[in-house]
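Before any comments, here is the structure.
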Amino acid sequence: MRKLHRAALLCVAAAVSLTACAAGSGNQAGQSGPAAAPGRDDEFSLTVWSNYSGREQDEVTKALESFKQKFPNAEIKHEGSQDDDKITAGIRGGNPPDVALSFTTDNIGQFCSSGSFADLKPYLARDAVDLDQITDAVRAYTEYKGTRCAMPMLSDVYGLYYNKDMLAEAGITAPPKTTAELLDFAKRTTKKAADGSIEVAGFLPSMPHYANNPQIWAPHFGAKWEGADGKSGLASPEWAQMLQFQKELVDFYGHDALERFRAGLGQQYSTDHAFHQRKIAMMVDGEYRTAFLADQAPDVRFGTAPFPTSKPELYGTGFTAGTIMGIPKGAKNPGAAWELIKHLSFDTEAIIGLANGIKNIPHTKAALTDPRLEVDENFKTFIDLATSDKLQGNPVTPIGDAHIKSISDFATSWQSGKVPDLMAGLAEVDRRIDDQIAKSGK
Amino acid sequence: MTAAVGVRERPFAWRKTVDWVAVHSLGLALGLMFTLPIVFVFLTAVMSDGQAFTEDLWPREWHWGNFLEVFERAPLLKYLGNSLLYSSLATAGMLISSIPAAYALAKLRWRGRNVVFLLVVGAMMLPPQVVAVPLYDTWSSLGLTGTLWPLIAPYFLFDAFSIFLLRQFILTIPQSYVDAARVDGCGEFQAMLRIVVPMARPGIAATALFCFLYTWNDYFGPLLYTSEKPDQWTLSLALSTFKGMHHVQWNLAMAVTLLIMVPAVVLFAFAQRSFVKGITFTGVKG
Amino acid sequence: MTATLERVDVVRTAPAKGRSRARTRHRLTVLAFLAPAILGFALFFGYPLIATIGFSFTRYDLINPPEWVGGENYAYMFADPLFRTAVYNTLWFVVVLTAARVVFALGVASVIARLKSGVGLVRTLCYLPSLAPPVAATLVFFLVMRPNEGPLDAFLGWFGIEGPLWFADPVWAKPGIAAVVLWVSGDLMIILLAAILDVPQEQYEAAELDGAGPVRRWWHVTLPSISPVLVFGVVNSIILALQLFTQAVVAGSAASGSADVTGSTKVLGFPENSTLTFPVWLYTQGFRYFDMGYAAAMATVLFVISFAATAVLVQRMRKATHQEQS
């Protein structure tokens, strides 16, 4: 028995040290200042991973190719359909791309704190980059606790979409500005069948569904993720207000009727999306929806506006997130990778070309106001939101989106009436999030 | 006497007819139950993109071109080649490594045999996620991630499920045949090759087919090891590219599903006879 | 078993010196037969398993070297409510899915076995679905079982039944996934069918002479003869239930209305974590929340439990076979 014990311990030690070695090797970036930039005519090749596919991937490739104006002999290999799991695996395997594009701003806390993405500070200092060119909320979601390990590549801004015909039919002339109005308009635009089933929902309160996620709703209620003590602060009047708003609407529809209605709706990014099908009158969504609507449902007459808020002084706020770019640990050519990132971060022409191509919001102040940016009436709402200073970025933690899942799970039980005490429930969610963060040791 | 028999037999015959009708309609119902979703897949595959995912089940227009379009969207032939490479090499490797192991577990007597058998069953039970991280580290330190080798190589050494299945089969071959071979002066290797392998052919065919189909449909493995190298993708992994980032194209996804199934169906049709016979003997005998 | 023992002894009746040499040679033979398997087991199970057990005592974010934290990860299991949910969900599948799969496959096989014509056709039709990749099979069921508009609800509508929300209802999501697994359980069906067809005809005839009807014949003749295969079915189904991952992720993700088939973390387990199986939660913690230490602890627990279950099962199997033989 004792012998076995010792053998087991030995094995554990061996295994741990083995993997530690594997994970530790291949670390070059960020050790001794910035890697040197390539010369203008140098021949080099860069691998870029992103999670784009199809038409969007082609547009991004086009933007990447514009890098050749600065470095004519550069070769860029763009691999699509690579999610964060793959980026992490690539870094672990010592075989990462030179530049990684990630969709999920949720993981930036991990990327920065673990060193998965190289700290960009030395590069920013060397090249005297002025970060003020980037809007504040975007700056906030691309760094973690003062470590900037990523740069933004365009952003998404969320606002209200409303079907003009459906609102007019209910005698409503202007989109709602307060959540109280939203509640009222939602009830007035809803159509129920004789048996109580929903035919048209004014506004869907179900969470999670489409863009109905807690982090997207929170800014409109002034709800903050962190309390004054730096711990999770969901047990607050603002979060409670948000959930009560949700519950009131759920009760109006009836939970079962609502679930049945929702389960029959099309997928978020398909042509059968409920808004395209005129099954919902209002919703929160990102600016990219304007392109989908123009493409897939040109007959739907819709308008956009900032999403209603619980207090009038909050009006004009909104949620923002976006694609981030970083230099993964172990990248073969970090110096050139930084040049590419810098190009996509600050070259107004490249940013505008890409923004026009995939219909996202530029992340620099210069590009936002550039006349070459194609802006129609509905897209303008989001540009205006982006240029205001009221946007809220994605909450950044070292635990992926565990915190979002916790509150999202809670909202689901709450809307089905399974939570007796709202504040106690929120306090429990806080405890869970704090536990998970404490466990991460960061 | 004859009258009595007649009286007794008539209801019996009647009962038999009812029985026949009942069993056959049940069989028909089962056949339909299993097949209807596939019919549904087929109908969706030939719909327009706009019609898929609606209440309308019958294609308004028959878009046979969908089956061609998927070839334009993705290099399916390349993926087919990768899938074939993975499945056939894995199956070949499995046969080379698992038959001797199964033979040793079934027909040789040695101390610790039961423990080893238990380990085989334990390995079979382990979810692949459990060992994914250390294995991924090993393969990446060998520089082999991004290829199919981390998926293929293990089959040349050890595949728990196949060893288990083959052992169960070889157990049912009477010991006397093996002993007779030994008396004739055959070594164990020859006894295995000359006596057990031919007798176990149906079981081996069945195990090989299971192995082939498992690797053919494997999703987790190729995703983990090859997703950053699109030229190494297998068909089942390629299926996910038809989800699109912003748009699930149900009709194309279903068309690819059918195309992926075709080689498997063909293989099953050919192997069916020996396969079905083979499993006959794989009863679990400790 | 006993027969084997005697025969080996016969082979071994040789002079004392030769016997020990023969024994050494015998051992070497065994070793030669098992060499690849031993190497493979050590490389692909032994080493990673030990490494995993090692990680379970560390804090490990996959990038930086693991940091020793003792039993912290194990203690956290008690504080993690989703750990309990995941255990419950997986246990549900182990119990319900195993029973349903074996009974269902046995039922289908028994019906097919009694067919006088069309056996080959029906057998092929029943096996066909298991050739579909798991991701595709789950998506197919998601489409077929779509509330209100899917073909299944349309069918139920003919009988005036309003179907449940299936994958969108926390009560019905697990049965929905079970249905997918049953649909693709053609392999077990075929194994059982072959076993049933293999029962010697004389045994039925003897039973019939004793006046046994079809039901009693099935109960007293068919069932006992195929019991070893049934045990195989149970083991095979338990493995399937313990490892249930792809179907759960795809079903949850599709039902939530999310476009991402491989599952964004927020919708894993949708609806209300009813599809959050143990492997799904393990994967989420390890790869999405970057807590490989905790994931490794969960893996270790899973391994210990399934290994214990295996040992018990193998014991049972052996007993069942002995009874069978006597």
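Simple scheme: letters A, B, ... for chains in structure tokens order, numbers from 1 for residues in each chain, numbers from 1 for ligands in the order shown.
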
Test item: chain C residues at most 7 Å from chain A, counting only C-alpha atoms, as a ChimeraX atom specification: /C:50-51,54-55,63-66,146-149,165,168,256-259,266,272,287-291

Each residue of chain B with at least one atom at most 12 Å from chain A should appear once, together with its nearest atom pair and the corresponding distance in Å (one decimal); atoms considered: only C-alpha atoms; ordering: chain, then increasing residue number; output as a tab-separated table.
residue	atom	partner	partner_atom	distance
B:Ser48	CA	A:Thr271	CA	11.8
B:Asp49	CA	A:Thr271	CA	8.6
B:Gly50	CA	A:Thr271	CA	7.0
B:Gln51	CA	A:Asp272	CA	9.5
B:Ala52	CA	A:Asp272	CA	9.4
B:Phe53	CA	A:Gly266	CA	7.6
B:Thr54	CA	A:Asp272	CA	8.2
B:Glu55	CA	A:Gly264	CA	10.2
B:Arg73	CA	A:Gly54	CA	8.9
B:Ala74	CA	A:Gly54	CA	10.4
B:Ala132	CA	A:Ala89	CA	10.9
B:Val133	CA	A:Ala89	CA	9.2
B:Pro134	CA	A:Thr19	CA	7.2
B:Leu135	CA	A:Thr19	CA	10.1
B:Tyr136	CA	A:Gly93	CA	7.6
B:Asp137	CA	A:Gly93	CA	6.3
B:Thr138	CA	A:Ala22	CA	8.2
B:Trp139	CA	A:Gly93	CA	8.1
B:Ser140	CA	A:Gly93	CA	4.7
B:Ser141	CA	A:Gly93	CA	6.6
B:Leu142	CA	A:Gly93	CA	9.3
B:Gly143	CA	A:Gly93	CA	7.9
B:Leu144	CA	A:Gly93	CA	9.5
B:Thr145	CA	A:Gly93	CA	7.7
B:Gly146	CA	A:Asn95	CA	9.3
B:Pro222	CA	A:Lys86	CA	12.0
B:Leu223	CA	A:Lys86	CA	8.9
B:Leu224	CA	A:Lys86	CA	7.7
B:Tyr225	CA	A:Ala89	CA	9.0
B:Thr226	CA	A:Lys86	CA	9.6
B:Ser227	CA	A:Gln82	CA	7.3
B:Glu228	CA	A:Gln82	CA	6.6
B:Lys229	CA	A:Glu79	CA	8.1
B:Pro230	CA	A:Glu79	CA	8.0
B:Asp231	CA	A:Glu79	CA	10.9
B:Trp233	CA	A:Ser81	CA	12.0
B:Leu237	CA	A:Ser81	CA	11.3
B:Ala238	CA	A:Ser81	CA	10.7
B:Ser240	CA	A:Ser81	CA	9.5
B:Thr241	CA	A:Ser81	CA	7.8
B:Phe242	CA	A:Gly54	CA	9.4
B:Lys243	CA	A:Ser53	CA	9.6
B:Gly244	CA	A:Ser53	CA	6.3
B:Met245	CA	A:Ser53	CA	5.8
B:His246	CA	A:Tyr269	CA	4.8
B:His247	CA	A:Ser270	CA	4.7
B:Val248	CA	A:Ser270	CA	6.1
B:Gln249	CA	A:Ser270	CA	7.8
B:Trp250	CA	A:Ser270	CA	9.5

Å distance separating atom CA of C:Thr90 from atom CA of B:Leu126, one decimal place: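 Straight-line distance from atom CA of C:Thr90 to atom CA of B:Leu126 works out to 13.9 Å.
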
Contacts of stretch 373-384 of chain A at 8 Å (only C-alpha atoms; same-chain gap of 4+ positions) as number ranges by chain: A: 157-159, 287, 290, 303-306, 352, 355-356, 361, 367-369, 388

Between atom CA of B:Leu157 and atom CA of C:Met292, distance in Å (one decimal):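 Interatomic distance, atom CA of B:Leu157 to atom CA of C:Met292: 27.8 Å.
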
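Coordinates place atom CA of A:Tyr144 at a distance of 20.7 Å from atom CA of A:Pro334.
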
Contact residues around B:Ser97 with only C-alpha atoms at 10 Å, ignoring same-chain residues under 4 positions, as a list of chain:residue names: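 Result of the neighbour search: B:Ala92, B:Gly93, B:Ala101, B:Ala102, B:Pro154, B:Tyr155, B:Phe156, B:Leu157, B:Phe158, B:Asp159, B:Ser162, B:Ile163, C:Phe33, C:Leu34, C:Ala35, C:Pro36, C:Ala37, C:Gly40.
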
Surrounding residues of A:Ala118 excluding itself and chain neighbours under 4 positions, 9 Å, only C-alpha atoms, as a list of chain:residue names: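 Listed by chain and then number, they are A:Ala29, A:Gly30, A:Phe111, A:Cys112, A:Arg148, A:Cys149, A:Ala150, A:Gly326, A:Ile327, A:Pro328, A:Lys329, A:Gly330, A:Pro334.
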
Filtering to all heavy atoms, could you give me those residues as a JSON list (two decimals), in the first residue's frame?
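Result saved to result03.json:
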[["chain", "number", "residue", "atom", "x", "y", "z"],
["A", 29, "ALA", "N", 7.24, 35.54, -27.45],
["A", 29, "ALA", "CA", 6.72, 36.89, -27.49],
["A", 29, "ALA", "C", 6.69, 37.52, -26.11],
["A", 29, "ALA", "O", 6.48, 36.85, -25.12],
["A", 29, "ALA", "CB", 5.31, 36.89, -28.08],
["A", 30, "GLY", "N", 6.91, 38.80, -26.06],
["A", 30, "GLY", "CA", 6.73, 39.56, -24.83],
["A", 30, "GLY", "C", 7.77, 39.31, -23.78],
["A", 30, "GLY", "O", 7.56, 39.61, -22.62],
["A", 111, "PHE", "N", -7.28, 35.53, -21.82],
["A", 111, "PHE", "CA", -6.19, 35.74, -22.77],
["A", 111, "PHE", "C", -5.14, 36.68, -22.19],
["A", 111, "PHE", "O", -3.94, 36.45, -22.34],
["A", 111, "PHE", "CB", -6.72, 36.31, -24.09],
["A", 111, "PHE", "CG", -7.49, 35.32, -24.92],
["A", 111, "PHE", "CD1", -8.50, 35.73, -25.78],
["A", 111, "PHE", "CD2", -7.20, 33.97, -24.85],
["A", 111, "PHE", "CE1", -9.21, 34.82, -26.55],
["A", 111, "PHE", "CE2", -7.90, 33.04, -25.61],
["A", 111, "PHE", "CZ", -8.90, 33.47, -26.45],
["A", 112, "CYS", "N", -5.58, 37.76, -21.55],
["A", 112, "CYS", "CA", -4.63, 38.74, -21.02],
["A", 112, "CYS", "C", -3.95, 38.23, -19.75],
["A", 112, "CYS", "O", -2.73, 38.37, -19.59],
["A", 112, "CYS", "CB", -5.33, 40.06, -20.70],
["A", 112, "CYS", "SG", -5.79, 41.02, -22.15],
["A", 148, "ARG", "N", -3.24, 45.36, -21.77],
["A", 148, "ARG", "CA", -3.81, 45.39, -23.11],
["A", 148, "ARG", "C", -3.14, 44.31, -23.95],
["A", 148, "ARG", "O", -1.98, 44.42, -24.31],
["A", 148, "ARG", "CB", -3.62, 46.76, -23.75],
["A", 148, "ARG", "CG", -3.92, 46.80, -25.24],
["A", 148, "ARG", "CD", -4.21, 48.18, -25.73],
["A", 148, "ARG", "NE", -5.41, 48.74, -25.10],
["A", 148, "ARG", "CZ", -6.65, 48.48, -25.52],
["A", 148, "ARG", "NH1", -6.86, 47.69, -26.54],
["A", 148, "ARG", "NH2", -7.68, 49.02, -24.91],
["A", 149, "CYS", "N", -3.89, 43.23, -24.22],
["A", 149, "CYS", "CA", -3.30, 42.14, -24.97],
["A", 149, "CYS", "C", -4.02, 41.98, -26.29],
["A", 149, "CYS", "O", -3.77, 41.03, -27.02],
["A", 149, "CYS", "CB", -3.36, 40.84, -24.18],
["A", 149, "CYS", "SG", -5.03, 40.24, -23.93],
["A", 150, "ALA", "N", -4.96, 42.88, -26.60],
["A", 150, "ALA", "CA", -5.70, 42.74, -27.85],
["A", 150, "ALA", "C", -6.08, 44.10, -28.38],
["A", 150, "ALA", "O", -6.13, 45.08, -27.63],
["A", 150, "ALA", "CB", -6.97, 41.91, -27.62],
["A", 326, "GLY", "N", -5.21, 39.50, -31.42],
["A", 326, "GLY", "CA", -4.07, 39.42, -30.52],
["A", 326, "GLY", "C", -2.94, 38.63, -31.14],
["A", 326, "GLY", "O", -3.12, 37.94, -32.16],
["A", 327, "ILE", "N", -1.76, 38.73, -30.52],
["A", 327, "ILE", "CA", -0.61, 37.93, -30.95],
["A", 327, "ILE", "C", -0.49, 36.77, -29.97],
["A", 327, "ILE", "O", -0.12, 36.97, -28.82],
["A", 327, "ILE", "CB", 0.69, 38.74, -30.93],
["A", 327, "ILE", "CG1", 0.53, 40.03, -31.74],
["A", 327, "ILE", "CG2", 1.84, 37.90, -31.47],
["A", 327, "ILE", "CD1", 1.70, 40.97, -31.62],
["A", 328, "PRO", "N", -0.82, 35.57, -30.37],
["A", 328, "PRO", "CA", -0.78, 34.44, -29.44],
["A", 328, "PRO", "C", 0.65, 34.17, -28.98],
["A", 328, "PRO", "O", 1.61, 34.40, -29.72],
["A", 328, "PRO", "CB", -1.30, 33.27, -30.26],
["A", 328, "PRO", "CG", -1.87, 33.85, -31.49],
["A", 328, "PRO", "CD", -1.23, 35.16, -31.72],
["A", 329, "LYS", "N", 0.74, 33.69, -27.75],
["A", 329, "LYS", "CA", 2.02, 33.25, -27.21],
["A", 329, "LYS", "C", 2.61, 32.21, -28.14],
["A", 329, "LYS", "O", 1.92, 31.29, -28.56],
["A", 329, "LYS", "CB", 1.73, 32.63, -25.84],
["A", 329, "LYS", "CG", 2.88, 32.07, -25.09],
["A", 329, "LYS", "CD", 2.33, 31.59, -23.76],
["A", 329, "LYS", "CE", 3.41, 31.04, -22.87],
["A", 329, "LYS", "NZ", 2.86, 30.71, -21.55],
["A", 330, "GLY", "N", 3.88, 32.36, -28.47],
["A", 330, "GLY", "CA", 4.53, 31.37, -29.34],
["A", 330, "GLY", "C", 4.37, 31.68, -30.81],
["A", 330, "GLY", "O", 4.75, 30.86, -31.65],
["A", 334, "PRO", "N", 6.11, 37.64, -34.35],
["A", 334, "PRO", "CA", 5.31, 38.63, -33.62],
["A", 334, "PRO", "C", 5.52, 40.06, -34.14],
["A", 334, "PRO", "O", 4.58, 40.85, -34.14],
["A", 334, "PRO", "CB", 5.78, 38.48, -32.17],
["A", 334, "PRO", "CG", 7.07, 37.76, -32.24],
["A", 334, "PRO", "CD", 7.05, 36.93, -33.47]]

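For C:Ala137, the non-local neighbours within 9 Å, defined as residues at least 4 positions apart in the same chain or in other chains and counting only C-alpha atoms, are Thr257 of chain B; Pro129, Ser130, Ala132, Pro133, Phe141, Phe142, Val180, Val181, Trp183, Val184 and Gln247 of chain C.
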
Residues of the last selection are to be written out with N, CA, C and O atoms, as a JSON list (two decimals), in the first residue's frame.
[["chain", "number", "residue", "atom", "x", "y", "z"],
["B", 257, "THR", "N", -25.51, 15.48, -45.32],
["B", 257, "THR", "CA", -25.78, 14.33, -44.46],
["B", 257, "THR", "C", -26.04, 13.08, -45.30],
["B", 257, "THR", "O", -25.47, 12.01, -45.05],
["C", 129, "PRO", "N", -30.61, 4.46, -39.92],
["C", 129, "PRO", "CA", -30.34, 5.70, -39.17],
["C", 129, "PRO", "C", -29.01, 5.69, -38.43],
["C", 129, "PRO", "O", -28.40, 6.74, -38.28],
["C", 130, "SER", "N", -28.54, 4.52, -38.00],
["C", 130, "SER", "CA", -27.30, 4.53, -37.23],
["C", 130, "SER", "C", -26.09, 4.84, -38.10],
["C", 130, "SER", "O", -24.98, 4.98, -37.60],
["C", 132, "ALA", "N", -26.05, 7.59, -39.80],
["C", 132, "ALA", "CA", -26.00, 9.06, -39.85],
["C", 132, "ALA", "C", -25.06, 9.57, -38.76],
["C", 132, "ALA", "O", -25.08, 9.07, -37.65],
["C", 133, "PRO", "N", -24.22, 10.57, -39.09],
["C", 133, "PRO", "CA", -23.35, 11.13, -38.07],
["C", 133, "PRO", "C", -24.18, 11.71, -36.91],
["C", 133, "PRO", "O", -25.26, 12.22, -37.15],
["C", 141, "PHE", "N", -33.63, 15.29, -35.68],
["C", 141, "PHE", "CA", -34.69, 15.19, -34.67],
["C", 141, "PHE", "C", -35.14, 16.56, -34.20],
["C", 141, "PHE", "O", -36.32, 16.76, -33.89],
["C", 142, "PHE", "N", -34.20, 17.48, -34.15],
["C", 142, "PHE", "CA", -34.60, 18.83, -33.76],
["C", 142, "PHE", "C", -35.63, 19.38, -34.76],
["C", 142, "PHE", "O", -36.62, 19.98, -34.38],
["C", 180, "VAL", "N", -33.34, 10.41, -29.91],
["C", 180, "VAL", "CA", -32.30, 10.42, -30.95],
["C", 180, "VAL", "C", -31.44, 9.17, -30.82],
["C", 180, "VAL", "O", -31.15, 8.49, -31.80],
["C", 181, "VAL", "N", -31.03, 8.88, -29.57],
["C", 181, "VAL", "CA", -30.14, 7.74, -29.36],
["C", 181, "VAL", "C", -30.85, 6.43, -29.72],
["C", 181, "VAL", "O", -30.24, 5.52, -30.28],
["C", 183, "TRP", "N", -33.15, 6.09, -31.93],
["C", 183, "TRP", "CA", -33.29, 6.03, -33.39],
["C", 183, "TRP", "C", -32.01, 5.47, -34.03],
["C", 183, "TRP", "O", -32.07, 4.80, -35.05],
["C", 184, "VAL", "N", -30.86, 5.77, -33.42],
["C", 184, "VAL", "CA", -29.61, 5.28, -34.01],
["C", 184, "VAL", "C", -29.08, 4.04, -33.31],
["C", 184, "VAL", "O", -27.89, 3.75, -33.36],
["C", 247, "GLN", "N", -24.73, 14.85, -28.78],
["C", 247, "GLN", "CA", -26.17, 15.02, -28.94],
["C", 247, "GLN", "C", -26.69, 16.10, -28.00],
["C", 247, "GLN", "O", -27.53, 16.92, -28.37]]

DSSP-assigned alpha helix (DSSP H) members of stretch 152-247 of chain B, reported as a ChimeraX atom specification: /B:152,160-171,175-183,188-190,197-199,201-217,220-226,235-238

10 Å contact set for C:Ser225, only C-alpha atoms, chain neighbours under 4 positions out, as a PyMOL selection string: (chain B and resi 283) or (chain C and resi 195-196+198-200+203+218-221+229-230+324)

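Compared by their closest atoms to chain C, and using only C-alpha atoms, the residues B:Arg194, B:Lys78, B:Arg273, B:Arg201 rank with B:Arg273 nearest.
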
Per-residue DSSP, stretch 124-338 of chain A, filtered to strand (DSSP E or B), as a PyMOL selection string: chain A and resi 134+143-144+147-148+151-163+178+191-192+198-203+209+212+226+232+280-286+302-305+309+318-326+328

Residue with smallest distance to C:Ile239 - pool B:Val121, B:Ile260, B:Gln190, B:Val265, counting only C-alpha atoms: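 Closest to C:Ile239, using only C-alpha atoms: B:Val121.
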